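Enquirer: What follows is the file coords03.txt, containing compact mmCIF, C-alpha atoms and all ligand atoms:
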```txt
# COMPACT_ATOMS: atom_id res chain seq x y z
CA MET I 985 69.18 237.21 55.80
CA LYS I 986 70.13 236.40 52.22
CA PHE I 987 67.49 238.85 51.07
CA LEU I 988 69.16 241.60 53.12
CA TYR I 989 72.50 240.80 51.50
CA ARG I 990 71.07 240.88 48.00
CA TRP I 991 69.38 244.18 48.77
CA ALA I 992 72.60 245.67 50.17
CA LEU I 993 74.59 244.48 47.16
CA ARG I 994 72.04 245.86 44.70
CA TYR I 995 71.97 249.16 46.57
CA ILE I 996 75.73 249.54 46.68
CA SER I 997 76.09 248.46 43.04
CA SER I 998 73.55 251.03 41.95
CA CYS I 999 75.65 253.75 43.57
CA GLY I 1000 78.19 253.57 40.76
CA TRP I 1001 81.00 251.33 39.56
CA ASN I 1002 84.16 253.18 40.40
CA SER I 1003 87.16 251.53 41.98
CA ALA I 1004 86.15 252.09 45.60
CA SER I 1005 82.56 250.97 45.33
CA SER I 1006 83.60 247.95 43.25
CA LEU I 1007 86.04 247.04 46.01
CA LEU I 1008 83.30 247.27 48.64
CA CYS I 1009 80.94 245.29 46.40
CA CYS I 1010 83.55 242.57 45.92
CA ILE I 1011 84.07 242.30 49.69
CA ALA I 1012 80.31 242.16 50.32
CA LEU I 1013 79.81 239.65 47.49
CA ALA I 1014 82.61 237.41 48.76
CA HIS I 1015 81.08 237.57 52.22
CA TYR I 1016 77.69 236.64 50.85
CA LEU I 1017 79.06 233.74 48.81
CA LEU I 1018 80.88 232.39 51.86
CA SER I 1019 77.66 232.69 53.86
CA ALA I 1020 75.80 230.73 51.21
CA TYR I 1021 78.61 228.16 51.02
CA LEU I 1022 78.71 227.70 54.77
CA SER I 1023 74.96 227.65 55.34
CA LEU I 1024 73.77 224.24 56.43
CA SER I 1025 71.15 221.89 55.08
CA ASP I 1026 68.55 220.46 57.47
CA GLU I 1027 70.31 217.08 57.30
CA GLU I 1028 73.64 218.62 58.29
CA LEU I 1029 72.01 220.51 61.17
CA GLN I 1030 70.39 217.32 62.42
CA GLY I 1031 73.72 215.50 62.07
CA ILE I 1032 75.51 218.14 64.10
CA GLU I 1033 72.83 218.17 66.80
CA ALA I 1034 73.15 214.39 66.96
CA GLY I 1035 76.92 214.70 67.37
CA GLY I 1036 77.77 213.59 63.83
CA SER I 1037 80.42 215.03 61.57
CA GLY I 1038 78.44 215.50 58.35
CA TYR I 1039 79.56 219.09 58.04
CA ALA I 1040 83.24 218.33 58.48
CA ALA I 1041 83.05 215.55 55.93
CA SER I 1042 81.42 217.69 53.28
CA ARG I 1043 83.46 220.84 53.91
CA PRO I 1044 86.94 220.02 55.12
CA LEU I 1045 87.96 223.67 55.47
CA GLU I 1046 86.26 226.08 57.80
CA ILE I 1047 86.62 229.46 56.15
CA ASN I 1048 86.80 232.34 58.56
CA MET I 1049 84.07 234.61 57.24
CA HIS I 1050 84.41 236.76 60.32
CA VAL I 1051 87.23 238.77 58.72
CA LEU I 1052 84.94 241.37 57.15
CA THR I 1053 83.21 241.93 60.50
CA HIS I 1054 86.56 242.34 62.24
CA LEU I 1055 87.74 244.77 59.58
CA LEU I 1056 84.66 246.98 59.71
CA ALA I 1057 84.47 247.01 63.52
CA SER I 1058 88.15 247.78 63.77
CA TRP I 1059 87.94 250.55 61.19
CA ALA I 1060 84.89 252.14 62.89
CA ALA I 1061 86.70 252.21 66.25
CA SER I 1062 89.95 253.54 64.77
CA GLU I 1063 88.18 256.10 62.62
CA GLY I 1064 86.22 257.44 65.58
CA LEU I 1065 89.21 257.76 67.86
CA GLN I 1066 92.10 259.23 65.93
CA ARG I 1067 93.80 260.82 62.97
CA PRO I 1068 95.86 260.91 60.74
CA ASP I 1069 95.03 258.36 58.02
CA ARG I 1070 98.23 256.40 58.60
CA ASP I 1071 97.35 255.83 62.27
CA VAL I 1072 93.75 254.90 61.42
CA ALA I 1073 95.01 252.33 58.91
CA LEU I 1074 97.59 250.88 61.32
CA ALA I 1075 95.09 250.51 64.18
CA THR I 1076 92.52 249.04 61.80
CA TRP I 1077 94.91 246.37 60.48
CA ALA I 1078 95.96 245.69 64.07
CA GLY I 1079 92.37 244.55 64.66
CA LEU I 1080 92.85 241.84 62.02
CA ALA I 1081 96.39 240.87 62.97
CA PRO I 1082 95.44 238.23 65.61
CA ASP I 1083 94.18 235.94 62.84
CA LEU I 1084 97.66 235.77 61.32
CA ASP I 1085 98.16 232.88 63.71
CA GLY I 1086 95.88 230.92 61.38
CA ALA I 1087 98.36 231.22 58.50
CA GLY I 1088 99.53 227.68 59.19
CA LEU I 1089 96.38 226.63 57.34
CA ILE I 1090 98.17 227.42 54.07
CA VAL I 1091 100.98 224.99 54.95
CA ASP I 1092 98.47 222.32 56.04
CA VAL I 1093 96.54 222.61 52.77
CA VAL I 1094 99.59 222.74 50.50
CA ARG I 1095 101.25 219.77 52.19
CA ASP I 1096 97.99 217.86 51.92
CA ALA I 1097 97.65 218.81 48.23
CA VAL I 1098 101.15 217.64 47.31
CA GLY I 1099 100.90 214.45 49.34
CA LEU I 1100 103.45 215.28 52.06
CA PRO I 1101 102.90 214.04 55.66
CA GLU I 1102 99.98 215.70 57.40
CA THR I 1103 100.50 218.83 59.50
CA THR I 1104 98.01 220.49 61.85
CA LEU I 1105 99.58 223.93 62.27
CA TYR I 1106 96.19 225.64 62.02
CA TYR I 1107 94.71 223.72 64.93
CA GLN I 1108 97.95 223.92 66.92
CA PHE I 1109 98.44 227.67 66.70
CA HIS I 1110 95.22 229.40 65.62
CA HIS I 1111 93.68 231.27 68.59
CA ILE I 1112 96.86 230.54 70.57
CA LEU I 1113 99.71 232.69 69.24
CA GLY I 1114 97.74 235.80 68.27
CA HIS I 1115 94.75 235.83 70.59
CA GLY I 1116 96.12 236.81 73.97
CA LEU I 1117 97.68 239.62 75.95
CA PRO I 1118 101.27 238.90 74.74
CA ALA I 1119 100.15 239.26 71.10
CA ALA I 1120 98.15 242.39 71.94
CA ILE I 1121 101.27 243.98 73.46
CA VAL I 1122 103.46 243.05 70.46
CA ILE I 1123 100.89 244.27 67.89
CA SER I 1124 100.26 247.55 69.77
CA GLY I 1125 104.01 248.08 70.14
CA LEU I 1126 104.53 247.66 66.40
CA VAL I 1127 101.70 250.09 65.66
CA GLY I 1128 103.17 252.59 68.13
CA ALA I 1129 106.56 252.32 66.43
CA LEU I 1130 105.13 252.93 62.96
CA ALA I 1131 102.47 255.54 63.78
CA VAL I 1132 102.64 259.33 63.68
CA ARG I 1133 100.93 259.89 67.05
CA LYS I 1134 102.59 256.90 68.65
CA THR I 1135 101.04 256.57 72.11
CA ARG I 1136 97.50 257.26 70.97
CA ALA I 1137 97.80 254.85 68.02
CA ALA I 1138 99.23 252.11 70.24
CA VAL I 1139 96.34 252.51 72.71
CA VAL I 1140 93.75 252.41 69.91
CA ALA I 1141 95.47 249.34 68.41
CA PHE I 1142 95.34 247.65 71.84
CA LEU I 1143 91.61 248.40 71.82
CA THR I 1144 90.98 247.07 68.29
CA VAL I 1145 92.90 243.87 69.08
CA HIS I 1146 90.66 243.36 72.11
CA LEU I 1147 87.60 244.13 69.98
CA HIS I 1148 88.78 241.20 67.83
CA PHE I 1149 89.08 238.97 70.91
CA LEU I 1150 85.56 239.95 71.96
CA GLY I 1151 84.22 239.21 68.46
CA ASP I 1152 85.81 235.77 68.55
CA LEU I 1153 84.57 235.11 72.07
CA PHE I 1154 80.99 235.85 71.00
CA GLY I 1155 80.85 234.51 67.47
CA SER I 1156 83.59 232.15 66.31
CA ARG I 1157 82.16 228.78 67.19
CA GLY I 1158 82.89 225.91 64.83
CA LEU I 1159 80.19 223.57 63.68
CA GLY I 1160 80.83 220.53 65.82
CA PRO I 1161 78.68 220.15 68.95
CA MET I 1162 81.57 221.05 71.28
CA ASP I 1163 83.56 223.20 68.87
CA TYR I 1164 83.97 226.33 71.02
CA TRP I 1165 86.92 228.68 70.65
CA PRO I 1166 88.02 229.99 74.03
CA VAL I 1167 90.21 233.07 74.38
CA GLU I 1168 93.38 231.97 76.16
CA TYR I 1169 94.41 235.38 77.38
CA LEU I 1170 97.93 234.50 78.51
CA ALA I 1171 98.70 232.09 75.64
CA PRO I 1172 101.16 230.89 74.50
CA PHE I 1173 102.83 231.21 77.91
CA SER I 1174 100.08 229.97 80.18
CA ASP I 1175 96.56 228.58 80.00
CA ALA I 1176 95.50 230.65 83.02
CA TRP I 1177 92.93 233.38 82.36
CA THR I 1178 91.17 231.33 79.69
CA VAL I 1179 87.74 232.70 78.92
CA SER I 1180 84.99 230.84 77.08
CA TRP I 1181 81.30 231.44 76.59
CA ARG I 1182 78.80 228.62 76.19
CA GLY I 1183 76.46 230.86 74.22
CA GLN I 1184 79.10 231.40 71.51
CA TRP I 1185 77.43 231.42 68.10
CA TRP I 1186 78.67 229.93 64.85
CA LEU I 1187 80.98 231.74 62.48
CA ALA I 1188 78.30 231.29 59.85
CA GLY I 1189 75.52 232.20 62.29
CA TRP I 1190 72.92 234.86 61.47
CA GLN I 1191 74.27 237.00 64.33
CA ASN I 1192 77.54 237.61 62.48
CA THR I 1193 75.65 238.39 59.30
CA VAL I 1194 73.44 240.93 61.11
CA ILE I 1195 76.48 242.60 62.70
CA SER I 1196 78.22 242.77 59.30
CA VAL I 1197 75.16 244.29 57.63
CA VAL I 1198 74.81 246.86 60.45
CA LEU I 1199 78.49 247.75 60.10
CA LEU I 1200 78.12 248.10 56.32
CA MET I 1201 75.22 250.47 56.92
CA LEU I 1202 77.41 252.39 59.37
CA VAL I 1203 80.02 252.69 56.61
CA LEU I 1204 77.43 254.34 54.36
CA VAL I 1205 76.30 256.69 57.15
CA LEU I 1206 79.88 257.72 57.95
CA ALA I 1207 80.59 258.20 54.24
CA VAL I 1208 77.66 260.63 54.00
CA TYR I 1209 78.16 262.55 57.25
CA ARG I 1210 81.93 262.37 57.81
CA GLY I 1211 83.14 261.93 54.27
CA ARG I 1212 85.29 258.89 55.05
CA SER I 1213 85.07 255.15 54.44
CA PRO I 1214 87.24 252.02 54.75
CA ALA I 1215 88.30 252.59 51.11
CA ARG I 1216 90.74 255.14 52.59
CA LEU I 1217 92.71 252.18 53.97
CA PHE I 1218 93.74 251.50 50.37
CA SER I 1219 93.65 254.88 48.68
CA ALA I 1220 92.56 258.42 49.64
CA LYS I 1221 91.63 259.08 46.02
CA ALA I 1222 89.43 256.00 45.84
CA ASP I 1223 87.83 257.00 49.14
CA ASP I 1224 87.03 260.49 47.87
CA ALA I 1225 85.41 258.98 44.76
CA PHE I 1226 83.41 256.52 46.85
CA VAL I 1227 82.21 259.22 49.26
CA GLU I 1228 81.22 261.47 46.37
CA VAL I 1229 79.10 258.73 44.81
CA ILE I 1230 77.43 257.81 48.10
CA ARG I 1231 76.68 261.47 48.91
CA LEU I 1232 75.28 262.06 45.44
CA ARG I 1233 73.04 259.03 45.78
CA TRP I 1234 71.90 260.12 49.25
CA SER I 1235 71.11 263.65 48.09
CA ARG I 1236 69.00 262.19 45.26
CA ILE I 1237 67.08 260.02 47.73
CA ARG I 1238 66.47 263.03 49.99
CA GLY I 1239 65.50 265.12 46.97
CA ALA I 1240 63.03 262.48 45.82
CA ARG I 1241 61.50 262.34 49.30
CA GLY I 1242 61.23 266.12 49.48
CA ALA I 1243 59.58 266.35 46.03
ZN ZN Y 1 90.44 235.71 65.59
```
Written as structure tokens, how would this file's structure read?

Expert:
Amino acid sequence: MKFLYRWALRYISSCGWNSASSLLCCIALAHYLLSAYLSLSDEELQGIEAGGSGYAASRPLEINMHVLTHLLASWAASEGLQRPDRDVALATWAGLAPDLDGAGLIVDVVRDAVGLPETTLYYQFHHILGHGLPAAIVISGLVGALAVRKTRAAVVAFLTVHLHFLGDLFGSRGLGPMDYWPVEYLAPFSDAWTVSWRGQWWLAGWQNTVISVVLLMLVLVLAVYRGRSPARLFSAKADDAFVEVIRLRWSRIRGARGA
């Protein structure tokens, strides 16, 4: 898996070092470094299987490396379903918004760092406030209010938020033996309609890495054939530059094959 990452990074880097490709490279590199950081030694794996807490002791913070996967999946869905750019961006960010309920982690860490009494806001509210139908309605409503084509954007945002829920349901397991994240669909108002899946894989599992790599490849394909990439979320100019570089590279590859 690490080989695939290195190959993808080398490939993207060789496409040129303009602002958009450097942004994509930085995201991919950060994702790779987190993967390497979170990957487990044999001893840690054995400890976890035996019910120990070796992982938690050595790495007190679980970093949510799933964000890149959420972003790319959300962008692909938004990009395929609507225009204009503003609505694509809004619906894409909506697909990341549920994880804002994990922002309490910052307070927990800062309070810990400065020696104030312990807080557990992250564990109290993450996957509770932002990961249910009430949050989906609020997020979609906000998108609808800010979008150009309001109804369509709100519907697509509702979809990307649920794509996020699905991603978490499949692949957001922590590293303890019973550390499953359920989706409490009516939270924070009720614990009815709680869905969990015993096959849920780890955040740092190879499945998430494979999905991320596939989505990164999809980004390159869409850049070549549709002339658009996630760089457009930040700047249309940067996106145009990125697409131009990718298309140039692709035409050279095709030219070399045809020669
Ligand atoms: Zn989430």

Enquirer: Distance limit 8 Å, reference ligand ZN 1 (chain Y), atoms considered: all atoms listed in the file. Which residues make the cut? Give them as a compact mmCIF listing (two decimals) with C-alpha atoms, in the coordinates of the input.

Expert:
```
# COMPACT_ATOMS: atom_id res chain seq x y z
CA LEU I 1080 92.85 241.84 62.02
CA PRO I 1082 95.44 238.23 65.61
CA ASP I 1083 94.18 235.94 62.84
CA HIS I 1110 95.22 229.40 65.62
CA HIS I 1111 93.68 231.27 68.59
CA GLY I 1114 97.74 235.80 68.27
CA HIS I 1115 94.75 235.83 70.59
CA HIS I 1148 88.78 241.20 67.83
CA PHE I 1149 89.08 238.97 70.91
CA GLY I 1151 84.22 239.21 68.46
CA ASP I 1152 85.81 235.77 68.55
CA SER I 1156 83.59 232.15 66.31
```

Enquirer: Can you tell me which residues surround His1146 (chain I) at a distance of at most 12 Å, considering only C-alpha atoms, apart from same-chain residues fewer than 2 positions away, and format the answer as a ChimeraX atom specification?

Expert: /I:1054,1057-1058,1061,1075-1076,1078-1082,1114-1121,1123-1124,1139-1144,1148-1153,1167,1169

Enquirer: Of the candidates I:Gln1184, I:Thr1104, I:Ser1213, I:Ser1219, which one gets nearest to Arg1231 (chain I) if we count all atoms listed in the file?

Expert: I:Ser1213

Enquirer: Of the candidates I:Pro1101, I:Lys1221, I:Ala1138, I:Trp1077, which shows the shortest atom-to-atom distance to Val1122 (chain I), using only C-alpha atoms?

Expert: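 Closest to Val1122 (chain I), using only C-alpha atoms: I:Ala1138.
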
Enquirer: Quick one: pull the distance between CA of Thr1053 (chain I) and CA of Arg1216 (chain I), Å, one decimal.

Expert: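 Separation of CA of Thr1053 (chain I) and CA of Arg1216 (chain I): 17.1 Å.
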
Enquirer: Can I get the residues of region 1115-1202 of chain I within 7 Å of region 1065-1074 of chain I, each with the closest pair of atoms and their distance in Å to one decimal, using all atoms listed in the file, sorted chain first then ascending number, as a Markdown table?

Expert:
```
| residue | atom | partner | partner_atom | distance |
| --- | --- | --- | --- | --- |
| I:Val1127 | CA | I:Leu1074 | CA | 6.0 |
| I:Ala1131 | CA | I:Asp1071 | CA | 5.3 |
| I:Val1132 | CA | I:Asp1071 | CA | 6.5 |
| I:Ala1137 | CA | I:Asp1071 | CA | 5.9 |
```

Enquirer: Please compute the CA of Asp1085 (chain I)-CA of Glu1102 (chain I) distance, one decimal, in Å.

Expert: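 Spanning CA of Asp1085 (chain I) to CA of Glu1102 (chain I) is a straight-line distance of 18.4 Å.
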
Enquirer: Rounded to one decimal, what separation in Å do you get between CA of Pro1214 (chain I) and CA of Leu1089 (chain I)?

Expert: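 Calculated distance between CA of Pro1214 (chain I) and CA of Leu1089 (chain I) is 27.1 Å.
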
Enquirer: Counting only C-alpha atoms, figure out which residue out of I:Asp1175, I:Glu1168, I:Glu1063, I:Asp1096 gets nearest to Ala1207 (chain I).

Expert: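 Once distances to Ala1207 (chain I) are computed over only C-alpha atoms, the minimum belongs to I:Glu1063.
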
Enquirer: Rank I:Val1203, I:Val1093, I:Ala1129, I:Ala1087 by their smallest atom-to-atom distance to Gly1064 (chain I), using all atoms listed in the file, and report the top residue only.

Expert: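 Closest residue, counting all atoms listed in the file: I:Val1203.
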